[in-house]
Structures are given as structure tokens and as C-alpha cells.
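Structure file start19.txt (compact mmCIF, C-alpha atoms) follows.
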```txt
# COMPACT_ATOMS: atom_id res chain seq x y z
CA MET A 22 250.83 130.08 -47.43
CA GLN A 23 253.67 131.79 -45.58
CA TYR A 24 251.15 133.67 -43.43
CA ASN A 25 249.42 130.41 -42.48
CA GLN A 26 252.74 128.81 -41.48
CA LEU A 27 253.67 131.75 -39.26
CA GLY A 28 250.22 131.67 -37.72
CA SER A 29 250.55 128.00 -36.84
CA ILE A 30 253.96 128.64 -35.26
CA PHE A 31 252.91 131.56 -33.10
CA GLU A 32 249.42 130.34 -32.24
CA PRO A 33 250.46 128.71 -28.90
CA CYS A 34 252.17 131.93 -27.87
CA THR A 35 249.19 134.12 -28.63
CA MET A 36 246.92 131.90 -26.57
CA SER A 37 246.75 132.58 -22.86
CA ALA A 38 249.31 130.43 -21.04
CA PHE A 39 247.58 130.84 -17.65
CA ARG A 40 243.85 130.29 -17.19
CA PRO A 41 242.94 129.57 -13.56
CA GLY A 42 239.33 130.67 -13.91
CA TRP A 43 237.51 133.47 -12.13
CA LEU A 44 236.32 131.48 -9.10
CA PRO A 45 239.79 130.16 -8.08
CA SER A 46 241.19 133.64 -8.69
CA LEU A 47 238.59 135.16 -6.38
CA LEU A 48 239.22 132.57 -3.67
CA VAL A 49 242.98 133.11 -3.80
CA ALA A 50 242.55 136.88 -3.73
CA LEU A 51 240.47 136.53 -0.57
CA LEU A 52 242.31 133.74 1.27
CA LEU A 53 245.98 134.36 0.47
CA PRO A 54 246.24 137.75 2.27
CA VAL A 55 244.44 136.28 5.28
CA LEU A 56 246.79 133.29 5.54
CA VAL A 57 249.90 135.45 5.16
CA SER A 58 248.59 137.96 7.71
CA LEU A 59 247.92 135.17 10.21
CA GLY A 60 251.46 133.90 9.73
CA PHE A 61 252.99 137.31 10.42
CA TRP A 62 250.64 137.78 13.38
CA GLN A 63 251.94 134.56 14.92
CA LEU A 64 255.52 135.75 14.35
CA ALA A 65 254.68 138.99 16.16
CA ARG A 66 253.12 137.03 19.03
CA ALA A 67 256.24 134.89 19.31
CA GLU A 68 258.39 138.01 19.59
CA GLN A 69 256.01 139.46 22.17
CA LYS A 70 256.24 136.29 24.25
CA ARG A 71 260.06 136.35 24.08
CA GLU A 72 260.03 139.93 25.34
CA LEU A 73 257.65 138.96 28.16
CA LEU A 74 259.85 136.07 29.24
CA ALA A 75 262.91 138.33 29.23
CA ALA A 76 261.04 140.99 31.21
CA HIS A 77 259.86 138.39 33.72
CA GLN A 78 263.36 137.06 34.25
CA ALA A 79 264.77 140.56 34.67
CA ARG A 80 262.05 141.57 37.14
CA GLN A 81 262.56 138.41 39.19
CA LEU A 82 266.25 139.25 39.58
CA ALA A 83 265.61 142.91 40.35
CA ALA A 84 265.01 144.33 43.81
CA PRO A 85 261.38 144.63 44.95
CA VAL A 86 259.61 147.86 44.04
CA ALA A 87 257.86 150.01 46.62
CA ILE A 88 254.07 149.87 46.33
CA ALA A 89 253.88 153.66 46.01
CA GLU A 90 256.12 153.52 42.92
CA LEU A 91 254.05 150.96 41.01
CA GLU A 92 251.62 153.41 39.45
CA ASN A 93 254.54 155.49 38.12
CA LEU A 94 256.08 152.57 36.24
CA PRO A 95 255.40 152.67 32.48
CA ASN A 96 255.10 148.87 32.50
CA PRO A 97 254.61 147.32 35.95
CA ALA A 98 254.23 143.75 34.63
CA TYR A 99 256.01 141.17 36.82
CA ALA A 100 257.40 143.79 39.20
CA ARG A 101 258.02 142.22 42.62
CA VAL A 102 256.67 143.93 45.71
CA GLN A 103 256.71 143.36 49.45
CA LEU A 104 253.46 143.87 51.32
CA GLN A 105 252.60 144.37 54.94
CA GLY A 106 248.98 144.53 55.96
CA HIS A 107 245.81 142.48 56.12
CA PHE A 108 243.18 140.86 53.92
CA ASP A 109 239.57 141.94 53.67
CA ALA A 110 238.13 138.58 54.68
CA ALA A 111 234.53 139.65 54.06
CA HIS A 112 234.93 140.13 50.31
CA SER A 113 236.33 137.56 47.88
CA PHE A 114 236.15 136.97 44.14
CA LEU A 115 236.39 133.51 42.59
CA LEU A 116 237.88 133.59 39.08
CA ASP A 117 236.19 130.72 37.30
CA ASN A 118 237.41 128.37 34.55
CA ARG A 119 240.98 128.00 35.84
CA THR A 120 242.52 124.55 35.40
CA ARG A 121 245.50 122.76 36.90
CA ASP A 122 246.53 119.27 35.78
CA GLY A 123 243.28 118.96 33.85
CA GLN A 124 241.10 119.71 36.89
CA ALA A 125 238.65 122.62 36.91
CA GLY A 126 238.85 125.17 39.67
CA VAL A 127 238.98 128.83 40.62
CA GLU A 128 241.53 131.43 41.64
CA VAL A 129 240.78 133.32 44.84
CA LEU A 130 241.18 137.10 44.73
CA GLN A 131 240.81 139.27 47.84
CA PRO A 132 241.41 142.93 48.66
CA PHE A 133 244.58 143.48 50.68
CA TYR A 134 245.33 146.71 52.55
CA ASP A 135 249.02 147.65 52.48
CA GLN A 136 249.79 149.65 55.60
CA ALA A 137 253.04 151.19 54.33
CA SER A 138 251.45 152.78 51.24
CA GLY A 139 247.86 153.06 52.43
CA LEU A 140 246.69 151.42 49.18
CA TRP A 141 244.16 148.67 48.58
CA LEU A 142 245.49 145.92 46.29
CA LEU A 143 243.66 143.09 44.53
CA LEU A 144 245.68 140.06 45.57
CA ASN A 145 245.30 136.70 43.82
CA ARG A 146 245.98 134.05 46.47
CA GLY A 147 246.10 131.13 44.05
CA TRP A 148 244.10 128.18 42.76
CA LEU A 149 241.56 125.85 44.39
CA PRO A 150 239.70 122.90 42.80
CA TRP A 151 235.93 122.85 42.42
CA PRO A 152 234.50 120.25 44.85
CA ASP A 153 231.08 120.73 43.25
CA ARG A 154 229.76 123.45 40.94
CA ARG A 155 226.89 123.98 43.37
CA ILE A 156 229.24 124.51 46.32
CA PRO A 157 231.92 127.24 46.39
CA PRO A 158 235.43 126.01 47.26
CA ALA A 159 236.17 126.47 50.96
CA PHE A 160 239.19 128.50 52.09
CA ASN A 161 240.34 130.37 55.17
CA THR A 162 241.59 133.95 55.33
CA PRO A 163 244.32 134.88 57.82
CA ASP A 164 242.98 137.44 60.28
CA THR A 165 246.35 138.75 61.48
CA PRO A 166 248.72 141.27 59.84
CA LEU A 167 250.98 139.59 57.29
CA ARG A 168 254.23 140.26 55.45
CA LEU A 169 253.84 138.94 51.91
CA GLN A 170 255.60 138.91 48.57
CA ALA A 171 253.74 139.28 45.29
CA SER A 172 254.24 140.30 41.68
CA VAL A 173 252.16 142.44 39.37
CA TYR A 174 250.25 140.62 36.67
CA VAL A 175 249.24 142.47 33.51
CA SER A 176 247.01 140.52 31.15
CA LEU A 177 247.96 140.32 27.46
CA GLY A 178 244.32 140.72 26.50
CA ASP A 179 240.85 139.62 27.34
CA GLY A 180 240.92 136.68 24.93
CA LEU A 181 237.95 134.37 24.70
CA GLN A 182 235.75 134.72 27.75
CA LEU A 183 232.51 133.24 28.86
CA GLN A 184 229.59 135.52 29.58
CA GLN A 185 230.08 137.44 32.80
CA GLU A 186 228.18 136.01 35.74
CA PRO A 187 225.36 138.26 37.01
CA GLN A 188 226.45 140.33 39.96
CA SER A 189 225.06 139.00 43.23
CA ASN A 190 224.75 140.39 46.73
CA THR A 191 226.49 137.45 48.34
CA TRP A 192 230.17 136.73 48.88
CA PRO A 193 232.29 135.22 47.52
CA ARG A 194 231.34 136.33 44.00
CA LEU A 195 232.03 134.26 40.90
CA ILE A 196 233.68 136.15 38.02
CA SER A 197 234.95 135.06 34.59
CA ALA A 198 237.56 137.80 34.08
CA VAL A 199 239.67 140.05 36.27
CA LYS A 200 238.88 143.69 35.56
CA PRO A 201 240.29 145.48 38.60
CA ASP A 202 238.61 148.85 38.08
CA GLU A 203 235.21 147.18 37.77
CA LEU A 204 235.84 145.01 40.84
CA TRP A 205 236.86 148.04 42.88
CA ARG A 206 233.58 149.68 41.89
CA GLN A 207 231.71 146.65 43.18
CA LEU A 208 233.62 146.97 46.44
CA GLY A 209 232.88 150.67 46.65
CA ARG A 210 236.49 151.73 47.07
CA SER A 211 239.51 152.70 45.00
CA GLY A 212 242.58 150.54 44.58
CA PHE A 213 245.54 149.62 42.40
CA SER A 214 244.47 149.04 38.80
CA HIS A 215 246.29 145.73 38.28
CA GLU A 216 246.06 142.28 39.78
CA LEU A 217 248.88 141.08 42.03
CA ARG A 218 249.75 137.41 42.28
CA LEU A 219 250.85 136.07 45.64
CA GLN A 220 254.12 134.18 45.97
CA PRO A 221 254.46 131.08 48.21
CA GLY A 222 254.08 132.04 51.83
CA PRO A 223 251.42 132.93 54.41
CA GLY A 224 247.94 133.01 52.95
CA SER A 225 248.93 131.45 49.61
CA LEU A 226 247.02 128.60 47.99
CA ARG A 227 248.35 126.83 44.89
CA VAL A 228 250.51 129.50 43.25
CA ASP A 229 252.38 127.77 40.43
CA TRP A 230 251.76 130.69 38.10
CA PRO A 231 252.55 130.11 34.41
CA VAL A 232 254.45 133.08 32.97
CA ILE A 233 252.77 132.66 29.58
CA ALA A 234 250.09 130.32 28.34
CA MET A 235 251.82 129.55 25.03
CA SER A 236 255.56 129.43 24.33
CA PRO A 237 257.24 131.40 21.50
CA ASP A 238 258.08 128.09 19.78
CA LYS A 239 254.39 127.21 19.53
CA HIS A 240 253.66 130.55 17.91
CA LEU A 241 256.49 129.90 15.44
CA GLY A 242 254.96 126.49 14.69
CA TYR A 243 251.58 128.07 14.00
CA ALA A 244 253.24 130.70 11.80
CA PHE A 245 254.90 127.94 9.77
CA GLN A 246 251.52 126.23 9.32
CA TRP A 247 249.84 129.43 8.06
CA PHE A 248 252.69 130.14 5.65
CA ALA A 249 252.63 126.50 4.47
CA LEU A 250 248.89 126.77 3.78
CA ALA A 251 249.48 130.02 1.86
CA THR A 252 252.24 128.36 -0.19
CA ALA A 253 250.06 125.31 -0.91
CA LEU A 254 247.16 127.54 -1.97
CA LEU A 255 249.38 129.55 -4.29
CA GLY A 256 250.94 126.38 -5.73
CA LEU A 257 247.50 124.88 -6.38
CA PHE A 258 246.39 128.10 -8.03
CA VAL A 259 249.39 128.10 -10.38
CA TYR A 260 248.93 124.41 -11.19
CA LEU A 261 245.25 124.91 -11.94
CA GLY A 262 245.95 127.89 -14.20
CA LEU A 263 248.59 126.05 -16.21
CA HIS A 264 246.51 122.88 -16.37
CA ASN A 265 243.43 124.73 -17.68
CA ALA A 266 245.53 126.57 -20.25
CA ARG A 267 247.06 123.31 -21.45
CA GLU A 268 243.65 121.66 -21.72
CA THR A 269 242.35 124.62 -23.70
CA ARG A 270 245.38 124.51 -26.00
CA HIS A 271 244.81 120.84 -26.81
CA GLU A 272 241.14 121.18 -27.57
CA PRO A 273 240.43 120.33 -31.24
CA SER A 274 240.18 123.54 -33.24
CA HIS A 275 237.56 123.95 -35.94
CA HIS A 276 238.93 125.89 -38.87
CA SER A 277 237.16 126.33 -42.14
CA ALA A 278 238.91 124.78 -45.15
```

Have the structure of the file written as C-alpha cells, please.
Amino acid sequence: MQYNQLGSIFEPCTMSAFRPGWLPSLLVALLLPVLVSLGFWQLARAEQKRELLAAHQARQLAAPVAIAELENLPNPAYARVQLQGHFDAAHSFLLDNRTRDGQAGVEVLQPFYDQASGLWLLLNRGWLPWPDRRIPPAFNTPDTPLRLQASVYVSLGDGLQLQQEPQSNTWPRLISAVKPDELWRQLGRSGFSHELRLQPGPGSLRVDWPVIAMSPDKHLGYAFQWFALATALLGLFVYLGLHNARETRHEPSHHSA
């Protein structure tokens, strides 16, 4: 009799107090690390964007760098330079899928020969709207020597890109990504391995360059969303485990008399 009384007292404790089931456990084991990782990745991206904005501001306040010194810089991003030379008007690249104010267009890139350094540079002159996808945007190229200001642009990554357009024998050529080394090979010459973006002045088109496509605050917002999803998933998992255990505990037991 005493044994039966002790058994009835400790029976709830010996039963499992947490029974989420194998399928929810598997889903949480797979999804929770992914959600947490995405949250920390967004935090890292936010920090990277803050560093880029600080570097951009510092480079804009710094004195221009000589073209010959660019290749020796460990990180030439946003370095300002002064150029003196001429465009190669016969060869132009049109960077597709660029938008301004919701309108589709292209950015015009042309080789520029800097007389002081003797280097060829890939200079982005700015944005033009598409008049018609069947007709390339029209633009003029100055045919006289120019003194220009530009800054080095270093991409954060390739990101999502459309399939590269087939290389043609006509100019200008439509491209979907700026890969300077590959473009120099198409031109049959060597040149600086980064794109330069022209500042307002002679030869410039629309040059309201965004420093970054997404602000650090947006990355922080996305990080919060990923962490919130992870927390909600974990909370649902705990609730389900306790709920199943409670339902099992209250099932009628069948004991022999």
C-alpha cells in the first residue's frame, strides 16, 4: 500500500515533462541555426557598411591620390584622383539594369588615358535612361584633352546578376557587370583593375553615385527580424513540447486491478 502511494506521488515526475515530437525537433535543429546565422550575418553587414561610410567620408576629405600610387594602396576604395588625358571614343561599355528614380537605364563606361601616369583607366561617366531597349542611349564623347576628377569604386561583391550578354563585335557593348580585367581583355590592352567613377564636370552624365545600396540601419532591421523569427520558433517548440507532455500526462491510464 505504501509503495502504491509513493508511486502515485512520483508518477508525474518520472514521466517526460517535455515531448515535442521528432518532426518538430528535426525542423528546429535545421532551421534555428540558419535563422541565427542570418541574423549575425546581417549584423556583420551593418558593421561593414558603417566602415565603408566612414572610409568614404575620410577619403572625400583627404587630398587626391596620384594615379601611379593607386595600385600600391591596400584598399583604394573611394580614393579621389585627378586625371588629365582623353577618352577612347571608339569603345564604350553600357552597364545595364541601372535605375534612377524608378527609371531603367545604363551607366556609360569608357577607357580614359591618363597622360601623367601613362595608364589606361576604366572611367564610369554616369547614368543615362533607356529610350528604347532596341536603341542604345545616345551620348557624345569629348574629343579634346580634359582635366577630370574621379574616385575609385570597389564593388562589395557580384551579388545577383543577370546572365552576361554575348560578346559582340559592335560598339558600344552591353554588359551586366563590371569586371575590369575581363573588359581590358576585350579591349586588347592592360589597364587599372578597378572602376573609377567620374565626378561632376566635363564629360560627366548623371553622377549622383550612392555610396551604399543599403544603410546599416536596414541591415540591423533585418537582423532583428531573423532573431525574432528564431525566438518565435524556439518559443513554439517549447510550447509544443510542454503541451504534448501535458496531454500525455492527462490521458486515462489503464491499470489492472

Tell me which of A:Tyr134, A:Tyr174, A:Trp43, A:Trp141 sits closest to A:Arg101, counting all atoms listed in the file.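 Nearest to A:Arg101: A:Tyr174.
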
Given all atoms listed in the file as the counted atoms, nearest of A:Ala171, A:Val102, A:Ala198, A:Leu241 to A:Gly60: A:Leu241

Interatomic distance between atom CA of A:Tyr243 and atom CA of A:Gln63? 6.6 Å

Once you count all atoms listed in the file, which residues end up no further than 6 Å from (254.9, 149.6, 56.5) in the file's frame, shown as a list in words?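 Selection result: Gln105, Gln136 and Ala137 of chain A.
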
From the set A:Ser211, A:Asn190, A:Thr120, A:Thr252, which residue has the shortest atom-to-atom contact distance to A:Trp230, counting all atoms listed in the file?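 Counting all atoms listed in the file, the residue closest to A:Trp230 is A:Thr120.
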
Restricting the calculation to only C-alpha atoms: of A:Ser225, A:Gln124, A:Ser197, A:Thr191, which residue gets closest to A:Pro163?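 Among the listed residues, the smallest separation from A:Pro163 belongs to A:Ser225.
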
Looking at A:Pro54, A:Pro201, A:Val259, A:Pro237, which one is nearest to A:Ala38, with distances taken over all atoms listed in the file?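 Residue with the minimum atom-to-atom distance to A:Ala38: A:Val259.
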
A:Leu48, A:Leu104, A:Val127, A:Leu82: which is nearest A:Arg154, counting all atoms listed in the file?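 Residue with the minimum atom-to-atom distance to A:Arg154: A:Val127.
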
Report as JSON the centre and the edge lengths, in Å to one decimal, of the axis-aligned box holding every listed atom of stretch 203-211 of chain A, padded by 4 Å on each side.
```
{"center_x": 235.6, "center_y": 148.9, "center_z": 42.4, "size_x": 15.8, "size_y": 15.7, "size_z": 17.3}
```
